[in-house]
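Colleague: This is the content of structure_3.cif (mmCIF, C-alpha atoms (C1' of nucleotides)):
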data_query
loop_
_atom_site.label_atom_id
_atom_site.label_comp_id
_atom_site.auth_asym_id
_atom_site.auth_seq_id
_atom_site.Cartn_x
_atom_site.Cartn_y
_atom_site.Cartn_z
CA MET A 5 -55.37 -42.36 -42.79
CA PRO A 6 -52.79 -40.05 -41.28
CA PHE A 7 -50.51 -38.19 -43.60
CA HIS A 8 -47.28 -39.84 -42.56
CA ASP A 9 -48.14 -43.47 -42.91
CA GLY A 10 -49.97 -42.72 -46.06
CA PHE A 11 -50.13 -41.36 -49.46
CA PHE A 12 -48.03 -38.21 -49.30
CA HIS A 13 -45.35 -39.81 -47.21
CA HIS A 14 -44.74 -42.40 -49.93
CA ASN A 15 -44.87 -39.80 -52.63
CA LEU A 16 -42.22 -37.63 -51.01
CA GLN A 17 -40.00 -40.62 -50.31
CA PHE A 18 -40.33 -41.78 -53.88
CA SER A 19 -39.43 -38.36 -55.26
CA ARG A 20 -36.34 -38.08 -53.11
CA SER A 21 -35.24 -41.58 -53.93
CA PHE A 22 -35.89 -41.05 -57.61
CA THR A 23 -33.85 -37.87 -57.97
CA LYS A 24 -31.07 -39.45 -55.90
CA LYS A 25 -30.78 -42.46 -58.19
CA LEU A 26 -31.17 -40.37 -61.32
CA ASN A 27 -28.34 -38.14 -60.14
CA GLU A 28 -26.19 -41.23 -59.62
CA GLN A 29 -26.85 -42.32 -63.20
CA LEU A 30 -26.36 -38.86 -64.68
CA ALA A 31 -23.00 -38.59 -62.94
CA LYS A 32 -21.77 -40.79 -65.81
CA VAL A 33 -22.21 -37.81 -68.15
CA ASP A 34 -21.34 -35.25 -65.47
CA LEU A 35 -24.84 -33.77 -65.12
CA PHE A 36 -27.29 -33.23 -62.26
CA HIS A 37 -30.93 -33.99 -62.82
CA SER A 38 -31.94 -30.33 -62.69
CA GLN A 39 -29.33 -29.54 -65.35
CA TRP A 40 -30.61 -32.43 -67.45
CA LEU A 41 -34.15 -31.06 -67.34
CA ILE A 42 -32.99 -27.74 -68.79
CA VAL A 43 -30.75 -29.38 -71.39
CA PHE A 44 -33.68 -31.55 -72.42
CA TYR A 45 -35.97 -28.55 -72.69
CA LEU A 46 -33.52 -26.55 -74.79
CA ASN A 47 -33.00 -29.47 -77.14
CA GLN A 48 -36.74 -29.91 -77.52
CA TYR A 49 -37.84 -26.31 -77.81
CA GLY A 50 -34.68 -24.54 -78.99
CA CYS A 51 -33.58 -21.05 -78.03
CA SER A 52 -35.51 -19.92 -74.91
CA THR A 53 -35.66 -17.40 -72.09
CA LEU A 54 -35.28 -18.20 -68.41
CA VAL A 55 -38.94 -17.40 -67.81
CA GLU A 56 -39.98 -19.96 -70.42
CA ILE A 57 -37.86 -22.57 -68.68
CA SER A 58 -39.22 -21.50 -65.32
CA ASN A 59 -42.80 -21.93 -66.52
CA TYR A 60 -42.15 -25.27 -68.14
CA LEU A 61 -40.41 -26.76 -65.11
CA ASP A 62 -42.67 -25.03 -62.60
CA VAL A 63 -39.63 -23.81 -60.72
CA GLU A 64 -38.98 -20.28 -59.48
CA LYS A 65 -36.79 -17.93 -61.49
CA PRO A 66 -33.86 -17.68 -59.07
CA THR A 67 -33.47 -21.46 -59.15
CA VAL A 68 -33.41 -21.43 -62.95
CA THR A 69 -30.88 -18.58 -62.96
CA ARG A 70 -28.50 -20.57 -60.81
CA THR A 71 -28.72 -23.81 -62.77
CA VAL A 72 -28.42 -21.97 -66.09
CA ASN A 73 -25.29 -20.23 -64.80
CA ARG A 74 -23.76 -23.61 -64.01
CA LEU A 75 -24.53 -24.83 -67.54
CA GLU A 76 -23.00 -21.69 -69.02
CA GLU A 77 -19.83 -22.06 -66.97
CA ARG A 78 -19.48 -25.51 -68.47
CA ASP A 79 -20.11 -24.20 -72.00
CA LEU A 80 -23.14 -26.41 -72.53
CA ILE A 81 -25.27 -23.38 -73.37
CA GLU A 82 -24.62 -19.98 -74.91
CA GLN A 83 -26.20 -16.56 -75.06
CA VAL A 84 -28.34 -15.62 -78.08
CA PRO A 85 -28.64 -11.90 -78.86
CA GLY A 86 -32.23 -10.65 -78.98
CA LYS A 87 -34.32 -7.53 -79.24
CA ASP A 88 -35.65 -7.32 -75.68
CA LYS A 89 -32.72 -6.27 -73.53
CA ARG A 90 -34.34 -7.63 -70.38
CA GLU A 91 -34.32 -11.15 -71.70
CA ARG A 92 -31.52 -13.66 -71.58
CA ARG A 93 -32.09 -15.95 -74.54
CA ILE A 94 -30.01 -19.13 -74.44
CA GLN A 95 -29.49 -22.25 -76.52
CA LEU A 96 -27.43 -25.42 -76.42
CA THR A 97 -23.87 -25.23 -77.75
CA GLU A 98 -22.48 -28.04 -79.91
CA SER A 99 -21.01 -29.51 -76.78
CA GLY A 100 -24.42 -29.14 -75.13
CA VAL A 101 -26.12 -31.07 -77.91
CA ARG A 102 -23.54 -33.85 -77.64
CA THR A 103 -24.07 -34.01 -73.88
CA PHE A 104 -27.82 -34.16 -74.44
CA HIS A 105 -27.52 -37.25 -76.62
CA GLU A 106 -25.24 -38.99 -74.15
CA ALA A 107 -27.49 -38.16 -71.22
CA LYS A 108 -30.58 -39.24 -73.15
CA LYS A 109 -29.22 -42.78 -73.41
CA VAL A 110 -28.50 -42.89 -69.68
CA VAL A 111 -31.94 -41.58 -68.72
CA GLU A 112 -33.78 -43.88 -71.11
CA GLU A 113 -31.98 -46.92 -69.77
CA PHE A 114 -32.73 -45.80 -66.21
CA GLU A 115 -36.42 -45.38 -66.99
CA ARG A 116 -36.56 -48.69 -68.82
CA GLN A 117 -35.24 -50.51 -65.76
CA LEU A 118 -37.62 -48.70 -63.47
CA MET A 119 -40.69 -49.26 -65.60
CA SER A 120 -40.17 -52.92 -66.41
CA GLY A 121 -42.85 -55.03 -64.81
CA MET A 122 -45.18 -52.11 -64.18
CA ALA A 123 -48.79 -52.44 -65.32
CA GLN A 124 -49.45 -49.78 -67.91
CA GLU A 125 -52.87 -49.10 -66.50
CA ASP A 126 -51.53 -48.46 -63.00
CA LEU A 127 -49.08 -45.93 -64.42
CA GLU A 128 -51.87 -44.14 -66.22
CA VAL A 129 -54.06 -43.98 -63.12
CA THR A 130 -51.10 -42.73 -61.08
CA GLN A 131 -50.17 -40.05 -63.55
CA ARG A 132 -53.77 -38.90 -63.86
CA THR A 133 -54.11 -38.79 -60.08
CA LEU A 134 -50.94 -36.79 -59.59
CA MET A 135 -51.99 -34.29 -62.26
CA PHE A 136 -55.38 -33.96 -60.64
CA LEU A 137 -53.84 -33.31 -57.23
CA LYS A 138 -51.36 -30.84 -58.72
CA GLU A 139 -54.23 -28.84 -60.20
CA LYS A 140 -56.07 -28.90 -56.89
CA LEU A 141 -53.03 -27.58 -55.07
CA LYS A 142 -52.97 -24.57 -57.39
CA GLN A 143 -56.52 -23.67 -56.43
CA LEU A 144 -55.75 -23.90 -52.73
CA MET B 1 -43.00 -41.77 -73.49
CA PRO B 2 -40.18 -39.37 -72.76
CA PHE B 3 -39.38 -38.63 -69.19
CA HIS B 4 -40.20 -34.95 -69.18
CA ASP B 5 -43.64 -34.92 -70.62
CA GLY B 6 -44.50 -37.92 -68.60
CA PHE B 7 -44.84 -39.69 -65.41
CA PHE B 8 -41.81 -38.59 -63.42
CA HIS B 9 -42.09 -35.01 -64.50
CA HIS B 10 -45.57 -34.79 -63.01
CA ASN B 11 -44.51 -36.58 -59.89
CA LEU B 12 -41.64 -34.20 -59.21
CA GLN B 13 -43.80 -31.17 -59.88
CA PHE B 14 -46.48 -32.49 -57.58
CA SER B 15 -44.00 -33.10 -54.77
CA ARG B 16 -42.55 -29.63 -55.04
CA SER B 17 -45.94 -28.02 -55.17
CA PHE B 18 -47.18 -30.12 -52.28
CA THR B 19 -44.38 -29.29 -49.87
CA LYS B 20 -44.62 -25.64 -50.89
CA LYS B 21 -48.31 -25.43 -50.02
CA LEU B 22 -47.89 -27.50 -46.87
CA ASN B 23 -45.16 -25.13 -45.72
CA GLU B 24 -47.53 -22.21 -46.31
CA GLN B 25 -50.15 -23.86 -44.11
CA LEU B 26 -47.69 -24.90 -41.41
CA ALA B 27 -46.42 -21.33 -41.19
CA LYS B 28 -49.58 -20.75 -39.11
CA VAL B 29 -47.99 -22.79 -36.34
CA ASP B 30 -44.46 -21.69 -37.16
CA LEU B 31 -43.25 -25.04 -38.46
CA PHE B 32 -41.67 -26.30 -41.68
CA HIS B 33 -42.86 -29.54 -43.17
CA SER B 34 -39.61 -31.34 -42.36
CA GLN B 35 -39.92 -30.25 -38.75
CA TRP B 36 -43.53 -31.41 -38.68
CA LEU B 37 -42.52 -34.87 -39.88
CA ILE B 38 -40.14 -35.27 -36.94
CA VAL B 39 -42.60 -33.82 -34.42
CA PHE B 40 -45.22 -36.23 -35.73
CA TYR B 41 -42.85 -39.17 -35.43
CA LEU B 42 -41.82 -38.31 -31.88
CA ASN B 43 -45.44 -37.95 -30.81
CA GLN B 44 -46.29 -41.30 -32.36
CA TYR B 45 -43.29 -43.36 -31.29
CA GLY B 46 -42.00 -41.45 -28.26
CA CYS B 47 -38.38 -41.04 -27.25
CA SER B 48 -36.14 -41.88 -30.23
CA THR B 49 -32.64 -41.63 -31.66
CA LEU B 50 -31.67 -39.69 -34.76
CA VAL B 51 -30.97 -42.92 -36.63
CA GLU B 52 -34.47 -44.16 -35.91
CA ILE B 53 -35.87 -40.92 -37.32
CA SER B 54 -33.52 -41.14 -40.29
CA ASN B 55 -34.71 -44.67 -41.10
CA TYR B 56 -38.35 -43.79 -40.72
CA LEU B 57 -38.18 -40.72 -42.94
CA ASP B 58 -35.69 -42.24 -45.35
CA VAL B 59 -33.53 -39.15 -45.04
CA GLU B 60 -29.79 -39.05 -44.43
CA LYS B 61 -28.43 -38.49 -40.95
CA PRO B 62 -26.89 -35.04 -41.48
CA THR B 63 -30.25 -33.73 -42.64
CA VAL B 64 -31.93 -35.10 -39.52
CA THR B 65 -29.22 -33.63 -37.31
CA ARG B 66 -29.84 -30.18 -38.71
CA THR B 67 -33.62 -30.25 -38.40
CA VAL B 68 -33.46 -31.72 -34.89
CA ASN B 69 -31.09 -28.92 -33.89
CA ARG B 70 -33.64 -26.37 -35.08
CA LEU B 71 -36.35 -28.06 -33.02
CA GLU B 72 -34.11 -28.10 -29.98
CA GLU B 73 -33.27 -24.40 -30.33
CA ARG B 74 -36.98 -23.74 -30.24
CA ASP B 75 -37.46 -25.99 -27.17
CA LEU B 76 -39.89 -28.29 -28.94
CA ILE B 77 -37.73 -31.30 -28.11
CA GLU B 78 -35.34 -32.22 -25.31
CA GLN B 79 -32.48 -34.59 -24.64
CA VAL B 80 -33.17 -37.87 -22.81
CA PRO B 81 -30.24 -39.45 -20.95
CA GLY B 82 -29.45 -42.98 -22.04
CA LYS B 83 -26.95 -45.80 -21.66
CA ASP B 84 -25.27 -45.71 -25.06
CA LYS B 85 -23.12 -42.61 -25.08
CA ARG B 86 -23.06 -42.46 -28.88
CA GLU B 87 -26.77 -41.97 -29.06
CA ARG B 88 -28.75 -38.77 -28.82
CA ARG B 89 -32.16 -39.77 -27.53
CA ILE B 90 -34.78 -37.06 -27.83
CA GLN B 91 -38.46 -36.55 -27.05
CA LEU B 92 -41.08 -33.83 -27.37
CA THR B 93 -41.24 -31.21 -24.62
CA GLU B 94 -44.60 -30.05 -23.28
CA SER B 95 -44.40 -27.16 -25.70
CA GLY B 96 -43.59 -29.65 -28.45
CA VAL B 97 -46.68 -31.72 -27.67
CA ARG B 98 -48.82 -28.58 -27.76
CA THR B 99 -47.35 -27.60 -31.11
CA PHE B 100 -47.99 -31.11 -32.40
CA HIS B 101 -51.69 -30.83 -31.64
CA GLU B 102 -51.97 -27.42 -33.26
CA ALA B 103 -50.10 -28.54 -36.35
CA LYS B 104 -52.14 -31.72 -36.60
CA LYS B 105 -55.30 -29.67 -37.08
CA VAL B 106 -53.69 -27.61 -39.81
CA VAL B 107 -52.34 -30.65 -41.66
CA GLU B 108 -55.60 -32.57 -41.42
CA GLU B 109 -57.56 -29.65 -42.82
CA PHE B 110 -55.02 -29.29 -45.63
CA GLU B 111 -55.28 -32.97 -46.51
CA ARG B 112 -59.07 -32.90 -46.33
CA GLN B 113 -59.21 -30.09 -48.88
CA LEU B 114 -56.74 -31.82 -51.15
CA MET B 115 -58.42 -35.21 -51.00
CA SER B 116 -62.01 -34.09 -51.47
CA GLY B 117 -63.36 -35.33 -54.77
CA MET B 118 -60.65 -37.95 -55.23
CA ALA B 119 -61.73 -41.50 -56.04
CA GLN B 120 -60.57 -43.75 -53.23
CA GLU B 121 -59.58 -46.45 -55.69
CA ASP B 122 -57.34 -44.12 -57.68
CA LEU B 123 -55.55 -43.12 -54.49
CA GLU B 124 -54.97 -46.75 -53.61
CA VAL B 125 -53.61 -47.58 -57.06
CA THR B 126 -51.36 -44.51 -56.91
CA GLN B 127 -50.02 -45.32 -53.49
CA ARG B 128 -49.39 -48.94 -54.44
CA THR B 129 -47.63 -47.86 -57.63
CA LEU B 130 -45.39 -45.38 -55.84
CA MET B 131 -44.44 -47.96 -53.22
CA PHE B 132 -43.68 -50.47 -55.94
CA LEU B 133 -41.45 -47.99 -57.77
CA LYS B 134 -39.74 -46.98 -54.53
CA GLU B 135 -38.82 -50.61 -53.86
CA LYS B 136 -37.53 -51.01 -57.40
CA LEU B 137 -35.31 -47.97 -57.02
CA LYS B 138 -33.68 -49.55 -53.99
CA GLN B 139 -32.70 -52.59 -56.02
CA LEU B 140 -31.17 -50.49 -58.76
"C1'" DA C 26 -7.67 -58.43 -23.33
"C1'" DT C 27 -6.94 -56.31 -27.37
"C1'" DA C 28 -7.51 -55.25 -32.10
"C1'" DA C 29 -10.84 -54.74 -35.75
"C1'" DA C 30 -15.27 -53.57 -37.31
"C1'" DA C 31 -19.66 -51.57 -36.80
"C1'" DT C 32 -22.64 -47.79 -35.20
"C1'" DA C 33 -24.28 -42.85 -33.83
"C1'" DG C 34 -23.66 -38.54 -34.73
"C1'" DT C 35 -21.38 -34.30 -36.51
"C1'" DT C 36 -18.98 -31.20 -39.70
"C1'" DA C 37 -18.03 -29.23 -44.08
"C1'" DC C 38 -19.58 -28.61 -48.42
"C1'" DC C 39 -22.39 -29.59 -52.63
"C1'" DT C 40 -27.06 -29.21 -55.40
"C1'" DA C 41 -31.89 -27.69 -55.27
"C1'" DG C 42 -35.96 -25.69 -53.90
"C1'" DG C 43 -38.22 -21.36 -51.88
"C1'" DT C 44 -39.23 -15.93 -50.76
"C1'" DA C 45 -38.34 -10.94 -50.69
"C1'" DA C 46 -36.42 -7.18 -52.51
"C1'" DC C 47 -34.01 -5.23 -56.02
"C1'" DT C 48 -32.47 -3.37 -61.11
"C1'" DA C 49 -33.26 -2.63 -65.74
"C1'" DT C 50 -36.00 -2.68 -69.62
"C1'" DA C 51 -40.46 -2.55 -72.08
"C1'" DC C 52 -45.11 -1.31 -72.45
"C1'" DA C 53 -49.36 1.43 -71.60
"C1'" DA C 54 -52.09 5.38 -70.29
"C1'" DC C 55 -52.69 9.80 -70.10
"C1'" DG D 17 -43.53 12.53 -74.02
"C1'" DT D 18 -43.80 11.51 -69.28
"C1'" DT D 19 -45.33 8.69 -65.85
"C1'" DG D 20 -46.89 4.43 -64.00
"C1'" DT D 21 -46.99 -0.44 -64.39
"C1'" DA D 22 -45.65 -4.87 -65.90
"C1'" DT D 23 -41.94 -8.08 -67.07
"C1'" DA D 24 -37.08 -10.45 -67.04
"C1'" DG D 25 -33.63 -11.42 -64.41
"C1'" DT D 26 -30.49 -11.16 -60.33
"C1'" DT D 27 -29.01 -11.01 -55.50
"C1'" DA D 28 -29.20 -12.34 -50.80
"C1'" DC D 29 -30.74 -15.47 -47.74
"C1'" DC D 30 -33.73 -19.29 -45.96
"C1'" DT D 31 -34.96 -24.56 -45.67
"C1'" DA D 32 -33.94 -29.20 -47.37
"C1'" DG D 33 -31.83 -32.84 -49.59
"C1'" DG D 34 -27.26 -35.24 -50.65
"C1'" DT D 35 -22.00 -37.15 -50.01
"C1'" DA D 36 -17.46 -37.66 -47.83
"C1'" DA D 37 -14.80 -37.67 -44.10
"C1'" DC D 38 -14.40 -37.40 -39.43
"C1'" DT D 39 -14.89 -38.49 -33.94
"C1'" DA D 40 -16.43 -41.14 -30.33
"C1'" DT D 41 -18.40 -45.00 -28.68
"C1'" DT D 42 -19.84 -49.96 -28.76
"C1'" DT D 43 -19.62 -54.55 -30.34
"C1'" DT D 44 -17.29 -58.46 -32.22
"C1'" DA D 45 -13.49 -61.58 -33.25
"C1'" DT D 46 -9.46 -63.51 -32.24
#
Any chance you could put this one into structure tokens?

Modeller:
Amino acid sequence: MPFHDGFFHHNLQFSRSFTKKLNEQLAKVDLFHSQWLIVFYLNQYGCSTLVEISNYLDVEKPTVTRTVNRLEERDLIEQVPGKDKRERRIQLTESGVRTFHEAKKVVEEFERQLMSGMAQEDLEVTQRTLMFLKEKLKQL
Amino acid sequence: MPFHDGFFHHNLQFSRSFTKKLNEQLAKVDLFHSQWLIVFYLNQYGCSTLVEISNYLDVEKPTVTRTVNRLEERDLIEQVPGKDKRERRIQLTESGVRTFHEAKKVVEEFERQLMSGMAQEDLEVTQRTLMFLKEKLKQL
DNA sequence: ATAAAATAGTTACCTAGGTAACTATACAAC
DNA sequence: GTTGTATAGTTACCTAGGTAACTATTTTAT
């Protein structure tokens, strides 16, 4: 089975298509999917550093810096003073929390539509497989 | 099951990680994964237009234009005269065919390592699931 | 035959990922 | 306490995806 007619080809196409459609939906609340991921994380885990976000999302630090800057420009997050002067601790503002709740509805509806009609077992196998492959990639 | 601790989160992380590692491997033959996809396609299907490539890869035309330009600058592809003056028909050069064969080895070895130890059935379920979800996204 | 619509491709500009090299602070070893 | 090392974050620059708007052709309808 060659790569391109096969497994990875479909996976990449799905990922692109997924983020595209999610971005379309999130436009309703004026967010991009990468911004949503950080807003979600901050709502879940509270005040955090960029490195914590970077580790959670498995995305490099410069990418996090950029997206966080965008969120700050839009006053969805704010600086939190801390002891370690290297760190940049941030949290959601009131406006950020409001945006989170609005976006949550949009994302949940999007997922609901996408998941309807899917066999639960297939989803579990798929998720397990992807996690397995992700781990293997790390060891490469 | 919330989005971020779940299915889509893992899928996006896997895709990022996968292309990252594939790029590392393809650096051996001085290619990026997006370039490899086009080189592969041209080797498989011969002389093609950018729209044909765009449809096959499910990537927008401007993205294809850019990557094709890079390949042309490096003399891996060449223009093919045609009837329709709107079209830009291209094919692999001799150098492009050579690069294809070198890259093919690299990619196949990469895939072999990644796939070893995977249950064939799980892969099939995963691929089927991703294709199913991809189709559903289109209808959204 | 001509006007309208569709198609192929490009350009400009946006988000989003990556690496390499850098600064500034904190920590550890001696 | 000074020196070396590790950590947090940023900057600059690369590929890679997207949209919107455009040009230049071709096809279709009338």

Colleague: I need the residue nearest chain B from this list: D:DT23, D:DC38, D:DT31, D:DT43. Use all atoms listed in the file for the distance.

Modeller: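 Looking at the shortest contact to chain B, the residue is D:DT31.
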
Colleague: Any chance you could resolve the PyMOL selection byres ((chain D) within 10 of (chain B)) against this file and give the residues as a list in words?

Modeller: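 So the PyMOL selection byres ((chain D) within 10 of (chain B)) ends up selecting DT31, DA32, DG33, DG34, DT35, DA40, DT41 and DT42 of chain D.
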
Colleague: Take the PyMOL selection byres ((chain D and resi 21) around 12), apply it to the structure above, and return the hits as a count of residues only.

Modeller: 8

Colleague: Can you tell me, as JSON, numbers by chain, what residues are no more than 9 Å from segment 126-129 of chain A when counting all atoms listed in the file, ignoring any on the same chain fewer than 4 positions away?

Modeller: {"A": [122, 133, 134], "B": [7, 122, 123, 125, 126, 128, 129]}

Colleague: Using all atoms listed in the file and a cut-off of 12 Å, which residues of chain B sit close to chain C? Please list them as JSON, numbers by chain.

Modeller: {"B": [12, 13, 15, 16, 17, 19, 20, 21, 23, 24, 32, 49, 50, 51, 52, 54, 60, 61, 62, 63, 64, 65, 66, 68, 69, 84, 85, 86, 87, 88, 89]}

Colleague: Would you kindly return, as a VMD selection string, each protein, DNA or RNA residue with an atom no farther than 9 Å from any atom of Asn47 of chain A, considering only C-alpha atoms (C1' of nucleotides) and excluding same-chain residues fewer than 3 positions away?

Modeller: chain A and resid 42 to 44 50 to 51 95 to 96 100 to 101 104

Colleague: Step by step, work through what the PyMOL selection byres ((chain A and resi 137-144) around 7) selects in the shown file, and finish by giving those residues as a ChimeraX atom specification.

Modeller: /A:133-136 /B:14,18,114

Colleague: Separation of atom CA of Ile90 of chain B and atom CA of Ile77 of chain B, in Å?

Modeller: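 Distance reported for this atom pair: 6.5 Å.
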
Colleague: Smallest atom-to-atom distance to chain A: which of B:Ala103, B:Leu76, B:Leu37, B:Ile53, using all atoms listed in the file?

Modeller: B:Leu37

Colleague: Considering only C-alpha atoms, can you say which of A:Glu76, A:Thr97, A:Asp62, A:Leu35 comes closest to chain B?

Modeller: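 Between A:Glu76, A:Thr97, A:Asp62, A:Leu35, the residue approaching chain B most closely is A:Asp62.
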
Colleague: Atom CA of Glu98 of chain A and atom CA of Tyr45 of chain A, how far apart in Å?

Modeller: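 If I compute the distance from atom CA of Tyr45 of chain A to atom CA of Glu98 of chain A, I get 15.3 Å.
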
Colleague: Grab the atom CA of Tyr60 of chain A to atom CA of Val110 of chain A distance for me, in Å with one decimal place.

Modeller: 22.3 Å
